[in-house]
$ cat run_6.txt   # compact mmCIF, C-alpha atoms
# COMPACT_ATOMS: atom_id res chain seq x y z
CA MET K 1 -81.04 -17.40 -6.95
CA ALA K 2 -79.69 -16.75 -3.48
CA PHE K 3 -80.58 -19.26 -0.77
CA PRO K 4 -83.67 -18.13 1.21
CA TYR K 5 -81.96 -18.08 4.62
CA MET K 6 -84.68 -16.08 6.38
CA GLU K 7 -87.51 -18.28 5.12
CA ALA K 8 -85.56 -21.38 6.15
CA VAL K 9 -84.99 -19.97 9.65
CA VAL K 10 -88.68 -19.08 10.09
CA GLY K 11 -89.68 -22.49 8.77
CA PHE K 12 -87.46 -24.27 11.27
CA MET K 13 -88.65 -22.05 14.12
CA ILE K 14 -92.26 -22.98 13.32
CA LEU K 15 -91.34 -26.66 12.98
CA MET K 16 -89.65 -26.64 16.39
CA TYR K 17 -92.66 -24.83 17.85
CA PHE K 18 -94.94 -27.67 16.76
CA ILE K 19 -92.53 -30.33 18.02
CA GLU K 20 -92.10 -28.64 21.39
CA THR K 21 -95.84 -27.99 21.65
CA TYR K 22 -96.42 -31.71 21.14
CA LEU K 23 -93.99 -32.42 24.00
CA ASP K 24 -95.73 -29.75 26.11
CA LEU K 25 -99.08 -31.45 25.48
CA ARG K 26 -97.62 -34.77 26.64
CA GLN K 27 -96.33 -33.07 29.79
CA HIS K 28 -99.69 -31.34 30.32
CA ALA K 29 -101.38 -34.75 30.17
CA ALA K 30 -98.87 -36.03 32.77
CA HIS K 31 -99.75 -33.10 35.05
CA LYS K 32 -103.41 -34.14 34.87
CA LEU K 33 -102.76 -37.65 36.20
CA PRO K 34 -104.77 -37.99 39.44
CA THR K 35 -102.33 -40.26 41.27
CA LEU K 36 -98.72 -40.12 42.36
CA PRO K 37 -96.05 -42.28 40.71
CA LYS K 38 -95.67 -45.50 42.71
CA THR K 39 -92.18 -44.49 43.83
CA LEU K 40 -93.60 -41.41 45.55
CA GLU K 41 -96.63 -43.05 47.17
CA GLY K 42 -96.30 -42.64 50.91
CA VAL K 43 -93.37 -40.27 50.36
CA ILE K 44 -95.23 -37.19 49.10
CA SER K 45 -98.39 -36.18 50.97
CA GLN K 46 -101.67 -36.13 49.05
CA GLU K 47 -102.14 -32.48 49.99
CA LYS K 48 -98.79 -31.48 48.50
CA PHE K 49 -99.49 -33.59 45.41
CA GLU K 50 -102.79 -31.81 44.76
CA LYS K 51 -101.12 -28.40 45.22
CA SER K 52 -98.25 -29.40 42.94
CA ARG K 53 -100.69 -30.66 40.32
CA ALA K 54 -102.68 -27.40 40.34
CA TYR K 55 -99.49 -25.30 40.19
CA SER K 56 -98.04 -27.34 37.32
CA LEU K 57 -101.28 -27.13 35.32
CA ASP K 58 -101.47 -23.35 35.82
CA LYS K 59 -97.88 -22.91 34.64
CA SER K 60 -98.47 -25.26 31.73
CA CYS K 61 -101.51 -23.32 30.47
CA PHE K 62 -99.60 -20.05 30.82
CA HIS K 63 -96.68 -21.59 28.92
CA PHE K 64 -98.93 -22.51 25.97
CA VAL K 65 -100.15 -18.92 25.67
CA HIS K 66 -96.67 -17.41 26.12
CA GLU K 67 -95.08 -19.70 23.52
CA PHE K 68 -97.86 -19.09 21.00
CA VAL K 69 -97.50 -15.32 21.30
CA SER K 70 -93.70 -15.63 21.15
CA ILE K 71 -93.65 -17.65 17.92
CA LEU K 72 -96.13 -15.25 16.31
CA MET K 73 -94.03 -12.23 17.28
CA ASP K 74 -90.68 -13.79 16.37
CA SER K 75 -91.93 -14.98 12.99
CA ALA K 76 -93.55 -11.61 12.24
CA ILE K 77 -90.36 -9.74 13.19
CA LEU K 78 -88.41 -11.74 10.61
CA LEU K 79 -91.04 -12.06 7.87
CA PHE K 80 -92.11 -8.41 7.92
CA GLY K 81 -88.61 -6.98 8.15
CA ILE K 82 -88.96 -5.46 11.61
CA LEU K 83 -85.22 -5.83 12.34
CA PRO K 84 -84.06 -3.79 9.31
CA TRP K 85 -86.88 -1.30 10.00
CA PHE K 86 -85.59 -0.88 13.57
CA TRP K 87 -82.06 -0.44 12.23
CA LYS K 88 -83.15 2.33 9.84
CA ARG K 89 -85.24 4.09 12.48
CA SER K 90 -82.33 4.03 14.95
CA GLY K 91 -80.17 5.71 12.28
CA GLU K 92 -82.80 8.39 11.79
CA PHE K 93 -82.87 8.95 15.56
CA LEU K 94 -79.10 9.56 15.54
CA VAL K 95 -79.53 12.15 12.80
CA LEU K 96 -82.23 13.94 14.82
CA ALA K 97 -79.95 13.84 17.86
CA GLY K 98 -77.14 15.41 15.86
CA LEU K 99 -74.92 12.32 16.12
CA ASN K 100 -72.87 10.61 13.44
CA VAL K 101 -74.98 7.89 11.85
CA GLU K 102 -71.85 6.46 10.18
CA ASN K 103 -70.47 5.54 13.60
CA GLU K 104 -71.46 1.88 13.85
CA ILE K 105 -71.05 1.76 17.63
CA LEU K 106 -73.50 4.65 18.15
CA HIS K 107 -75.89 3.21 15.56
CA THR K 108 -75.78 -0.20 17.26
CA LEU K 109 -76.38 1.26 20.73
CA ALA K 110 -79.37 3.23 19.43
CA PHE K 111 -80.72 0.04 17.83
CA LEU K 112 -80.25 -1.93 21.06
CA ALA K 113 -81.98 0.80 23.06
CA GLY K 114 -85.05 0.46 20.83
CA VAL K 115 -84.95 -3.32 21.05
CA MET K 116 -84.67 -3.16 24.86
CA ILE K 117 -87.67 -0.84 25.11
CA TRP K 118 -89.67 -3.14 22.81
CA SER K 119 -88.66 -6.23 24.82
CA GLN K 120 -89.60 -4.62 28.13
CA ILE K 121 -93.02 -3.61 26.80
CA THR K 122 -93.83 -7.00 25.27
CA ASP K 123 -92.44 -9.08 28.16
CA LEU K 124 -93.97 -7.02 30.97
CA PRO K 125 -97.55 -8.39 30.80
CA PHE K 126 -96.27 -11.98 30.95
CA SER K 127 -93.87 -11.22 33.83
CA LEU K 128 -96.60 -9.46 35.80
CA TYR K 129 -99.10 -12.27 35.26
CA SER K 130 -96.57 -14.97 36.12
CA THR K 131 -95.45 -13.20 39.30
CA PHE K 132 -98.61 -11.63 40.66
CA VAL K 133 -101.18 -14.15 39.48
CA ILE K 134 -99.69 -17.63 39.11
CA GLU K 135 -96.88 -17.39 41.71
CA ALA K 136 -99.11 -15.45 44.12
CA ARG K 137 -102.05 -17.85 43.66
CA HIS K 138 -99.89 -20.75 44.81
CA GLY K 139 -98.21 -18.94 47.68
CA PHE K 140 -94.78 -18.30 46.17
CA ASN K 141 -94.70 -14.60 45.36
CA LYS K 142 -93.55 -12.42 48.26
CA GLN K 143 -92.59 -9.22 46.45
CA THR K 144 -94.63 -6.07 46.15
CA ILE K 145 -95.38 -4.37 42.85
CA TRP K 146 -92.93 -1.63 43.86
CA LEU K 147 -90.12 -4.15 44.43
CA PHE K 148 -90.92 -5.80 41.09
CA PHE K 149 -90.59 -2.56 39.14
CA TRP K 150 -87.56 -1.49 41.16
CA ASP K 151 -85.84 -4.72 40.09
CA VAL K 152 -86.80 -3.98 36.46
CA ILE K 153 -85.35 -0.46 36.74
CA LYS K 154 -82.12 -1.77 38.27
CA GLY K 155 -81.81 -4.33 35.49
CA ILE K 156 -82.24 -1.64 32.84
CA LEU K 157 -79.66 0.61 34.56
CA LEU K 158 -77.17 -2.27 34.67
CA SER K 159 -77.72 -2.88 30.95
CA VAL K 160 -77.15 0.82 30.23
CA ILE K 161 -73.92 0.82 32.27
CA LEU K 162 -72.44 -2.53 31.21
CA GLY K 163 -73.83 -2.90 27.68
CA PRO K 164 -72.16 -0.04 25.75
CA PRO K 165 -68.51 -0.90 26.55
CA ILE K 166 -69.10 -4.59 25.82
CA VAL K 167 -70.89 -3.88 22.53
CA ALA K 168 -68.22 -1.36 21.51
CA ALA K 169 -65.46 -3.85 22.25
CA ILE K 170 -67.13 -6.58 20.17
CA ILE K 171 -67.62 -4.24 17.20
CA ILE K 172 -63.99 -3.08 17.33
CA ILE K 173 -62.71 -6.65 17.57
CA VAL K 174 -64.75 -7.72 14.53
CA GLN K 175 -63.65 -4.67 12.54
CA LYS K 176 -59.96 -5.13 13.41
CA GLY K 177 -59.78 -8.88 14.00
CA GLY K 178 -58.61 -10.02 10.59
CA PRO K 179 -57.90 -13.74 10.10
CA TYR K 180 -57.71 -14.35 13.89
CA LEU K 181 -61.13 -12.87 14.56
CA ALA K 182 -62.61 -16.03 16.10
CA ILE K 183 -59.69 -16.29 18.56
CA TYR K 184 -59.94 -12.62 19.54
CA LEU K 185 -63.71 -12.80 20.01
CA TRP K 186 -63.46 -15.97 22.07
CA GLY K 187 -60.62 -14.51 24.16
CA PHE K 188 -62.64 -11.39 24.90
CA MET K 189 -65.75 -13.36 25.88
CA PHE K 190 -63.63 -15.75 27.98
CA VAL K 191 -62.12 -12.87 29.96
CA LEU K 192 -65.53 -11.18 30.20
CA SER K 193 -67.12 -14.35 31.59
CA LEU K 194 -64.41 -14.64 34.25
CA VAL K 195 -64.84 -10.99 35.20
CA MET K 196 -68.62 -11.30 35.41
CA MET K 197 -68.38 -14.52 37.43
CA THR K 198 -66.16 -12.63 39.85
CA LEU K 199 -68.07 -9.35 40.00
CA TYR K 200 -71.68 -10.57 39.78
CA PRO K 201 -71.92 -12.16 43.24
CA VAL K 202 -69.91 -9.36 44.85
CA LEU K 203 -71.26 -6.22 43.17
CA ILE K 204 -74.40 -7.06 41.17
CA ALA K 205 -76.28 -9.72 43.16
CA PRO K 206 -76.26 -7.55 46.35
CA LEU K 207 -78.19 -4.90 44.40
CA PHE K 208 -81.15 -7.30 44.33
CA ASN K 209 -80.74 -9.32 47.54
CA LYS K 210 -79.22 -8.98 50.99
CA PHE K 211 -76.37 -11.36 51.81
CA THR K 212 -75.48 -11.96 55.47
CA PRO K 213 -73.00 -14.40 57.04
CA LEU K 214 -74.57 -17.64 58.25
CA PRO K 215 -74.79 -17.32 62.06
CA ASP K 216 -72.72 -19.57 64.28
CA GLY K 217 -74.50 -22.75 65.23
CA ASP K 218 -75.04 -26.39 64.37
CA LEU K 219 -75.68 -25.81 60.66
CA ARG K 220 -72.57 -23.70 60.16
CA GLU K 221 -70.39 -26.16 62.08
CA LYS K 222 -71.59 -29.13 60.03
CA ILE K 223 -71.17 -27.32 56.70
CA GLU K 224 -67.64 -26.22 57.62
CA LYS K 225 -66.82 -29.75 58.78
CA LEU K 226 -68.09 -31.20 55.50
CA ALA K 227 -66.14 -28.64 53.44
CA SER K 228 -62.97 -29.34 55.46
CA SER K 229 -63.32 -33.11 55.02
CA LEU K 230 -63.45 -32.64 51.24
CA LYS K 231 -60.69 -29.99 51.29
CA PHE K 232 -63.12 -27.49 49.78
CA PRO K 233 -61.53 -24.03 50.25
CA LEU K 234 -64.59 -22.43 51.85
CA LYS K 235 -63.89 -18.78 52.68
CA LYS K 236 -67.37 -17.38 53.29
CA LEU K 237 -70.80 -18.79 54.02
CA PHE K 238 -73.81 -16.57 53.30
CA VAL K 239 -77.56 -16.57 53.70
CA VAL K 240 -79.52 -14.64 51.05
CA ASP K 241 -82.97 -13.21 51.70
CA GLY K 242 -84.69 -15.03 48.86
CA SER K 243 -87.93 -14.94 50.87
CA THR K 244 -88.36 -11.23 50.07
CA ARG K 245 -89.29 -12.22 46.51
CA SER K 246 -90.31 -15.86 46.54
CA SER K 247 -90.69 -18.86 48.80
CA HIS K 248 -88.83 -21.06 46.31
CA SER K 249 -85.58 -22.39 47.78
CA ASN K 250 -82.07 -22.87 46.43
CA ALA K 251 -78.36 -23.00 47.24
CA TYR K 252 -75.24 -22.38 45.17
CA MET K 253 -71.50 -21.90 45.35
CA TYR K 254 -69.12 -19.66 43.46
CA GLY K 255 -65.55 -18.41 43.39
CA PHE K 256 -62.21 -19.32 41.85
CA PHE K 257 -59.31 -21.38 43.15
CA LYS K 258 -58.88 -20.96 46.93
CA ASN K 259 -61.66 -18.39 47.38
CA LYS K 260 -64.88 -20.40 47.40
CA ARG K 261 -68.16 -19.19 48.83
CA ILE K 262 -71.47 -20.95 49.55
CA VAL K 263 -74.84 -19.19 49.52
CA LEU K 264 -77.97 -20.64 51.13
CA TYR K 265 -81.42 -19.25 50.55
CA ASP K 266 -83.17 -18.47 53.82
CA THR K 267 -86.16 -20.42 52.49
CA LEU K 268 -83.98 -23.55 52.21
CA ILE K 269 -82.99 -23.25 55.87
CA GLN K 270 -86.61 -22.71 56.87
CA GLN K 271 -87.96 -25.64 54.85
CA CYS K 272 -85.33 -28.33 55.51
CA LYS K 273 -83.78 -29.88 58.58
CA THR K 274 -80.11 -29.19 59.31
CA GLU K 275 -78.95 -32.61 58.10
CA GLU K 276 -81.01 -32.27 54.93
CA VAL K 277 -79.41 -28.91 54.12
CA VAL K 278 -75.97 -30.44 54.68
CA ALA K 279 -76.90 -33.38 52.41
CA VAL K 280 -77.99 -31.00 49.65
CA LEU K 281 -74.65 -29.20 49.98
CA ALA K 282 -72.85 -32.56 49.89
CA HIS K 283 -74.50 -33.06 46.50
CA GLU K 284 -73.34 -29.61 45.35
CA LEU K 285 -69.84 -30.21 46.64
CA GLY K 286 -69.90 -33.48 44.72
CA HIS K 287 -70.16 -31.45 41.52
CA TRP K 288 -67.02 -29.56 42.60
CA LYS K 289 -65.11 -32.66 43.71
CA LEU K 290 -65.95 -34.51 40.48
CA ASN K 291 -64.96 -31.47 38.38
CA HIS K 292 -68.42 -31.18 36.82
CA THR K 293 -68.31 -27.39 36.96
CA MET K 294 -64.95 -27.32 35.21
CA TYR K 295 -66.05 -29.78 32.52
CA THR K 296 -69.19 -27.74 31.85
CA PHE K 297 -67.21 -24.50 31.68
CA ILE K 298 -64.72 -26.03 29.22
CA ALA K 299 -67.55 -27.41 27.06
CA VAL K 300 -69.22 -24.00 26.94
CA GLN K 301 -65.92 -22.35 25.95
CA ILE K 302 -65.36 -24.86 23.13
CA LEU K 303 -68.90 -24.35 21.83
CA MET K 304 -68.46 -20.58 22.01
CA PHE K 305 -65.22 -20.78 20.02
CA LEU K 306 -66.89 -22.97 17.39
CA GLN K 307 -69.76 -20.49 17.13
CA PHE K 308 -67.40 -17.59 16.58
CA GLY K 309 -65.55 -19.68 14.02
CA GLY K 310 -68.80 -20.28 12.17
CA TYR K 311 -69.65 -16.60 12.36
CA THR K 312 -66.36 -15.63 10.70
CA LEU K 313 -67.26 -17.85 7.74
CA VAL K 314 -70.53 -16.06 7.00
CA ARG K 315 -70.07 -12.53 8.36
CA ASN K 316 -69.26 -11.14 4.91
CA SER K 317 -72.07 -12.97 3.11
CA SER K 318 -74.14 -10.25 1.44
CA ASP K 319 -76.74 -12.88 0.45
CA LEU K 320 -77.29 -13.76 4.11
CA PHE K 321 -77.81 -10.13 5.13
CA ARG K 322 -80.05 -9.38 2.14
CA SER K 323 -82.17 -12.42 2.91
CA PHE K 324 -83.03 -10.79 6.26
CA GLY K 325 -83.64 -7.38 4.65
CA PHE K 326 -80.34 -5.61 5.29
CA ASP K 327 -78.44 -3.65 2.62
CA THR K 328 -75.44 -3.13 4.91
CA GLN K 329 -73.58 -5.61 7.12
CA PRO K 330 -73.48 -4.29 10.72
CA VAL K 331 -71.49 -6.41 13.17
CA LEU K 332 -74.20 -6.91 15.77
CA ILE K 333 -76.83 -7.67 13.12
CA GLY K 334 -74.48 -10.27 11.67
CA LEU K 335 -74.18 -11.94 15.07
CA ILE K 336 -77.96 -11.92 15.52
CA ILE K 337 -78.56 -13.38 12.06
CA PHE K 338 -75.92 -16.04 12.58
CA GLN K 339 -77.53 -17.07 15.87
CA HIS K 340 -80.81 -17.52 14.01
CA THR K 341 -79.21 -19.60 11.26
CA VAL K 342 -77.61 -22.07 13.70
CA ILE K 343 -80.82 -22.65 15.70
CA PRO K 344 -80.99 -26.33 14.55
CA LEU K 345 -77.50 -26.98 15.92
CA GLN K 346 -78.31 -25.12 19.13
CA HIS K 347 -81.25 -27.45 19.80
CA LEU K 348 -79.04 -30.50 19.32
CA VAL K 349 -76.30 -29.07 21.53
CA SER K 350 -78.81 -28.16 24.24
CA PHE K 351 -80.20 -31.70 24.19
CA ALA K 352 -76.68 -33.17 24.43
CA LEU K 353 -75.76 -30.85 27.32
CA ASN K 354 -78.94 -31.89 29.16
CA LEU K 355 -77.95 -35.54 28.81
CA VAL K 356 -74.54 -34.79 30.29
CA SER K 357 -76.07 -32.65 33.06
CA ARG K 358 -78.45 -35.43 34.10
CA SER K 359 -75.53 -37.82 34.27
CA PHE K 360 -73.67 -35.35 36.48
CA GLU K 361 -76.68 -35.07 38.80
CA PHE K 362 -76.79 -38.85 39.31
CA GLN K 363 -73.05 -38.84 40.02
CA ALA K 364 -73.38 -36.01 42.55
CA ASP K 365 -76.24 -37.84 44.28
CA ALA K 366 -74.07 -40.97 44.47
CA PHE K 367 -71.21 -38.86 45.86
CA ALA K 368 -73.41 -37.53 48.69
CA LYS K 369 -74.75 -41.03 49.31
CA ASN K 370 -71.21 -42.42 49.61
CA LEU K 371 -70.47 -39.76 52.25
CA GLY K 372 -73.25 -41.27 54.34
CA TYR K 373 -76.03 -38.82 53.48
CA ALA K 374 -78.34 -41.21 51.60
CA SER K 375 -81.39 -40.87 53.87
CA GLU K 376 -80.81 -37.16 54.47
CA LEU K 377 -80.44 -36.53 50.74
CA ARG K 378 -83.66 -38.42 50.07
CA GLY K 379 -85.39 -36.32 52.69
CA GLY K 380 -83.93 -33.10 51.32
CA LEU K 381 -84.88 -33.89 47.72
CA VAL K 382 -88.42 -34.82 48.75
CA LYS K 383 -88.74 -31.68 50.88
CA LEU K 384 -87.54 -29.44 48.04
CA GLN K 385 -89.91 -31.16 45.63
CA GLU K 386 -92.82 -30.65 48.01
CA GLU K 387 -92.06 -27.07 49.04
CA ASN K 388 -91.39 -25.93 45.47
CA LEU K 389 -94.50 -27.80 44.26
CA SER K 390 -92.41 -29.30 41.47
CA ALA K 391 -94.13 -31.62 39.00
CA MET K 392 -94.59 -35.11 40.46
CA ASN K 393 -95.60 -36.83 37.21
CA THR K 394 -93.37 -36.17 34.20
CA ASP K 395 -93.60 -37.38 30.63
CA PRO K 396 -90.41 -39.29 29.70
CA TRP K 397 -90.11 -37.66 26.26
CA TYR K 398 -90.60 -34.18 27.69
CA SER K 399 -88.11 -34.65 30.53
CA ALA K 400 -85.53 -36.23 28.20
CA TYR K 401 -85.68 -33.18 25.93
CA HIS K 402 -86.05 -30.36 28.47
CA TYR K 403 -84.75 -31.41 31.88
CA SER K 404 -81.15 -30.74 32.91
CA HIS K 405 -81.96 -32.50 36.24
CA PRO K 406 -83.54 -35.96 36.42
CA PRO K 407 -87.09 -36.13 37.81
CA LEU K 408 -87.35 -36.94 41.52
CA VAL K 409 -88.67 -40.43 40.77
CA GLU K 410 -85.49 -41.30 38.85
CA ARG K 411 -83.18 -39.77 41.46
CA LEU K 412 -84.78 -41.67 44.34
CA ALA K 413 -84.74 -44.88 42.30
CA ALA K 414 -81.02 -44.41 41.60
CA ILE K 415 -80.25 -43.85 45.29
CA ASP K 416 -82.31 -46.91 46.26
CA LYS K 417 -80.56 -48.97 43.57
CA SER K 418 -77.20 -47.93 44.96
CA ASP K 419 -78.34 -48.99 48.43
CA LYS K 420 -79.41 -52.42 47.15
CA LYS K 421 -76.05 -52.91 45.42
CA ALA K 422 -74.29 -51.98 48.66
CA ASP K 423 -76.46 -54.45 50.60

$ encode --input "run_6.txt" --output "structure tokens"
Amino acid sequence: MAFPYMEAVVGFMILMYFIETYLDLRQHAAHKLPTLPKTLEGVISQEKFEKSRAYSLDKSCFHFVHEFVSILMDSAILLFGILPWFWKRSGEFLVLAGLNVENEILHTLAFLAGVMIWSQITDLPFSLYSTFVIEARHGFNKQTIWLFFWDVIKGILLSVILGPPIVAAIIIIVQKGGPYLAIYLWGFMFVLSLVMMTLYPVLIAPLFNKFTPLPDGDLREKIEKLASSLKFPLKKLFVVDGSTRSSHSNAYMYGFFKNKRIVLYDTLIQQCKTEEVVAVLAHELGHWKLNHTMYTFIAVQILMFLQFGGYTLVRNSSDLFRSFGFDTQPVLIGLIIFQHTVIPLQHLVSFALNLVSRSFEFQADAFAKNLGYASELRGGLVKLQEENLSAMNTDPWYSAYHYSHPPLVERLAAIDKSDKKAD
């Protein structure tokens, strides 16, 4: 008998749901703790702690419902053969439209259109509740219902414009790739990622937010001085109107080689003092100076190549396709099935990457501290934690599994430890 791939995948999905729900319950219990961690006593105000606690509990309860519905839907889609049913219906739609059902690219695009419509319908209630109930209840949501749906429409239009050529290219590569298929697929995705990293902040991000140059003044002078001292090739410095959608704050940098740009959320500037903003950027520049971004990018490329290599080993397995209810072996369906079959490895890889990421965060904090921004970084981290109402109490098992950034308690302890060593 053929190996029951589909049943094994569903079984593992359900197993991971129970494991992650157990971790979620531990984190929910941590949210309920009525007192601050000792490290944060006198650092975080009681008012902010109570607001953070209420926000975290609301999000946690919502998460339980969302995950329960998701595992039910995902399991049902696989167990009841919804994917092959969608594939057959999309073929019938092509026939009704007078198009060639034997054209795999057209068939795949019709299938993806149906999947996108289904995803939008099923995700919409959760997105609306999260944005206009939970985020609004705790003072974060700033967008109107019109802006919300306009963003959804723009996202769909981008998918319609960018999706077909990418999907067509992948199908052609798989059909023509031969023994070097994994290399060709990886090469295409590598080039695509570089193109998207270049075009997204320039052409796509401005469709959703307004980017303006940071005005001349003390903040700009200090950021440019910091960048110059580190020989960071800063070309442009922007402020993005994040406050039009949310009062959460952030900052990021992008660009290749000698064309680097820094983007500050207007909420970050409003919430933090000038020196605290500069300290946060010193942390981010530490990632650049220590080559963390490059290491992460290389690791992702290696993992992507290994995934494509694994896909080439099973793409012609009729038993694998039949196990999921398919009589034929479409390229995109093969990729989807393969992603499901390597879910156990993906969880392990994600956990390993989180461990590395947390190590990088400690190193970037130490980098900013060594530049003389220890107190300002502490202040900035505390301010961001308070203003974003981030969880103050975290379960160690939950954070070890899920968090790519160490909890505030651990980051402050590491900075204080560094200070004591210096003393």

$ closest_residue --input "run_6.txt" --among "K:Leu162, K:Tyr398, K:Ile415, K:Leu78" --to "Ala374 of chain K" --atoms "all atoms listed in the file"
K:Ile415

$ residues_around --input "run_6.txt" --residues "Glu102 of chain K" --least-positions-apart "5" --cutoff "12 Å" --atoms "all atoms listed in the file" --output "list in words"
Ser90, Gly91, Glu92, Leu94, Val95, His107, Thr108, Thr328 and Pro330 of chain K

$ residues_near_point --input "run_6.txt" --point "(-96.2, -29.4, 30.6)" --cutoff "10 Å" --atoms "all atoms listed in the file" --output "JSON, numbers by chain"
{"K": [21, 22, 23, 24, 25, 26, 27, 28, 29, 30, 31, 32, 56, 57, 58, 59, 60, 61, 62, 63, 64, 391, 393, 394, 395, 398, 399]}

$ write_last_selection --input "run_6.txt" --atoms "C-alpha atoms" --output "mmCIF file, keeping the file's coordinate frame"
data_model
loop_
_atom_site.group_PDB
_atom_site.id
_atom_site.type_symbol
_atom_site.label_atom_id
_atom_site.label_comp_id
_atom_site.auth_asym_id
_atom_site.auth_seq_id
_atom_site.Cartn_x
_atom_site.Cartn_y
_atom_site.Cartn_z
ATOM 1 C CA THR K 21 -95.840 -27.990 21.650
ATOM 2 C CA TYR K 22 -96.420 -31.710 21.140
ATOM 3 C CA LEU K 23 -93.990 -32.420 24.000
ATOM 4 C CA ASP K 24 -95.730 -29.750 26.110
ATOM 5 C CA LEU K 25 -99.080 -31.450 25.480
ATOM 6 C CA ARG K 26 -97.620 -34.770 26.640
ATOM 7 C CA GLN K 27 -96.330 -33.070 29.790
ATOM 8 C CA HIS K 28 -99.690 -31.340 30.320
ATOM 9 C CA ALA K 29 -101.380 -34.750 30.170
ATOM 10 C CA ALA K 30 -98.870 -36.030 32.770
ATOM 11 C CA HIS K 31 -99.750 -33.100 35.050
ATOM 12 C CA LYS K 32 -103.410 -34.140 34.870
ATOM 13 C CA SER K 56 -98.040 -27.340 37.320
ATOM 14 C CA LEU K 57 -101.280 -27.130 35.320
ATOM 15 C CA ASP K 58 -101.470 -23.350 35.820
ATOM 16 C CA LYS K 59 -97.880 -22.910 34.640
ATOM 17 C CA SER K 60 -98.470 -25.260 31.730
ATOM 18 C CA CYS K 61 -101.510 -23.320 30.470
ATOM 19 C CA PHE K 62 -99.600 -20.050 30.820
ATOM 20 C CA HIS K 63 -96.680 -21.590 28.920
ATOM 21 C CA PHE K 64 -98.930 -22.510 25.970
ATOM 22 C CA ALA K 391 -94.130 -31.620 39.000
ATOM 23 C CA ASN K 393 -95.600 -36.830 37.210
ATOM 24 C CA THR K 394 -93.370 -36.170 34.200
ATOM 25 C CA ASP K 395 -93.600 -37.380 30.630
ATOM 26 C CA TYR K 398 -90.600 -34.180 27.690
ATOM 27 C CA SER K 399 -88.110 -34.650 30.530
#

$ closest_residue --input "run_6.txt" --among "K:Ser52, K:Ser318, K:Thr312, K:Ser323" --to "Glu387 of chain K" --atoms "all atoms listed in the file"
K:Ser52

$ residues_around --input "run_6.txt" --residues "segment 188-191 of chain K" --least-positions-apart "2" --cutoff "12 Å" --atoms "all atoms listed in the file" --output "ChimeraX atom specification"
/K:166-174,177,181-186,193-198,297-298,300-305,307-308

$ atom_distance --input "run_6.txt" --atom1 "atom CA of Ser70 of chain K" --atom2 "atom CA of Phe148 of chain K"
22.4 Å

$ residues_around --input "run_6.txt" --residues "Leu40 of chain K" --least-positions-apart "2" --cutoff "10 Å" --atoms "all atoms listed in the file" --output "PyMOL selection string"
chain K and resi 35-38+42-45+49+382+392-393+408-409+412

$ residues_around --input "run_6.txt" --residues "Ala366 of chain K" --least-positions-apart "5" --cutoff "12 Å" --atoms "all atoms listed in the file" --output "MDAnalysis selection string"
chainID K and resid 279:280 282:287 290 359:361 371:375 377:378 411:419 422

$ closest_atom_pairs --input "run_6.txt" --of "segment 253-370 of chain K" --to "segment 218-227 of chain K" --cutoff "12 Å" --atoms "only C-alpha atoms" --output "JSON lines"
{"residue": "K:Met253", "atom": "CA", "partner": "K:Ala227", "partner_atom": "CA", "distance": 11.8}
{"residue": "K:Lys260", "atom": "CA", "partner": "K:Ala227", "partner_atom": "CA", "distance": 10.3}
{"residue": "K:Arg261", "atom": "CA", "partner": "K:Ala227", "partner_atom": "CA", "distance": 10.7}
{"residue": "K:Ile262", "atom": "CA", "partner": "K:Ile223", "partner_atom": "CA", "distance": 9.6}
{"residue": "K:Val263", "atom": "CA", "partner": "K:Ile223", "partner_atom": "CA", "distance": 11.5}
{"residue": "K:Leu264", "atom": "CA", "partner": "K:Arg220", "partner_atom": "CA", "distance": 11.0}
{"residue": "K:Ile269", "atom": "CA", "partner": "K:Leu219", "partner_atom": "CA", "distance": 9.1}
{"residue": "K:Gln270", "atom": "CA", "partner": "K:Leu219", "partner_atom": "CA", "distance": 12.0}
{"residue": "K:Cys272", "atom": "CA", "partner": "K:Leu219", "partner_atom": "CA", "distance": 11.2}
{"residue": "K:Lys273", "atom": "CA", "partner": "K:Leu219", "partner_atom": "CA", "distance": 9.3}
{"residue": "K:Thr274", "atom": "CA", "partner": "K:Leu219", "partner_atom": "CA", "distance": 5.7}
{"residue": "K:Glu275", "atom": "CA", "partner": "K:Leu219", "partner_atom": "CA", "distance": 8.0}
{"residue": "K:Glu276", "atom": "CA", "partner": "K:Leu219", "partner_atom": "CA", "distance": 10.1}
{"residue": "K:Val277", "atom": "CA", "partner": "K:Leu219", "partner_atom": "CA", "distance": 8.1}
{"residue": "K:Val278", "atom": "CA", "partner": "K:Ile223", "partner_atom": "CA", "distance": 6.1}
{"residue": "K:Ala279", "atom": "CA", "partner": "K:Ile223", "partner_atom": "CA", "distance": 9.4}
{"residue": "K:Val280", "atom": "CA", "partner": "K:Ile223", "partner_atom": "CA", "distance": 10.5}
{"residue": "K:Leu281", "atom": "CA", "partner": "K:Ile223", "partner_atom": "CA", "distance": 7.8}
{"residue": "K:Ala282", "atom": "CA", "partner": "K:Leu226", "partner_atom": "CA", "distance": 7.5}
{"residue": "K:His283", "atom": "CA", "partner": "K:Leu226", "partner_atom": "CA", "distance": 11.2}
{"residue": "K:Glu284", "atom": "CA", "partner": "K:Ala227", "partner_atom": "CA", "distance": 10.9}
{"residue": "K:Leu285", "atom": "CA", "partner": "K:Ala227", "partner_atom": "CA", "distance": 7.9}
{"residue": "K:Gly286", "atom": "CA", "partner": "K:Ala227", "partner_atom": "CA", "distance": 10.7}
{"residue": "K:Trp288", "atom": "CA", "partner": "K:Ala227", "partner_atom": "CA", "distance": 10.9}
{"residue": "K:Lys289", "atom": "CA", "partner": "K:Ala227", "partner_atom": "CA", "distance": 10.6}
{"residue": "K:Ala368", "atom": "CA", "partner": "K:Leu226", "partner_atom": "CA", "distance": 10.7}
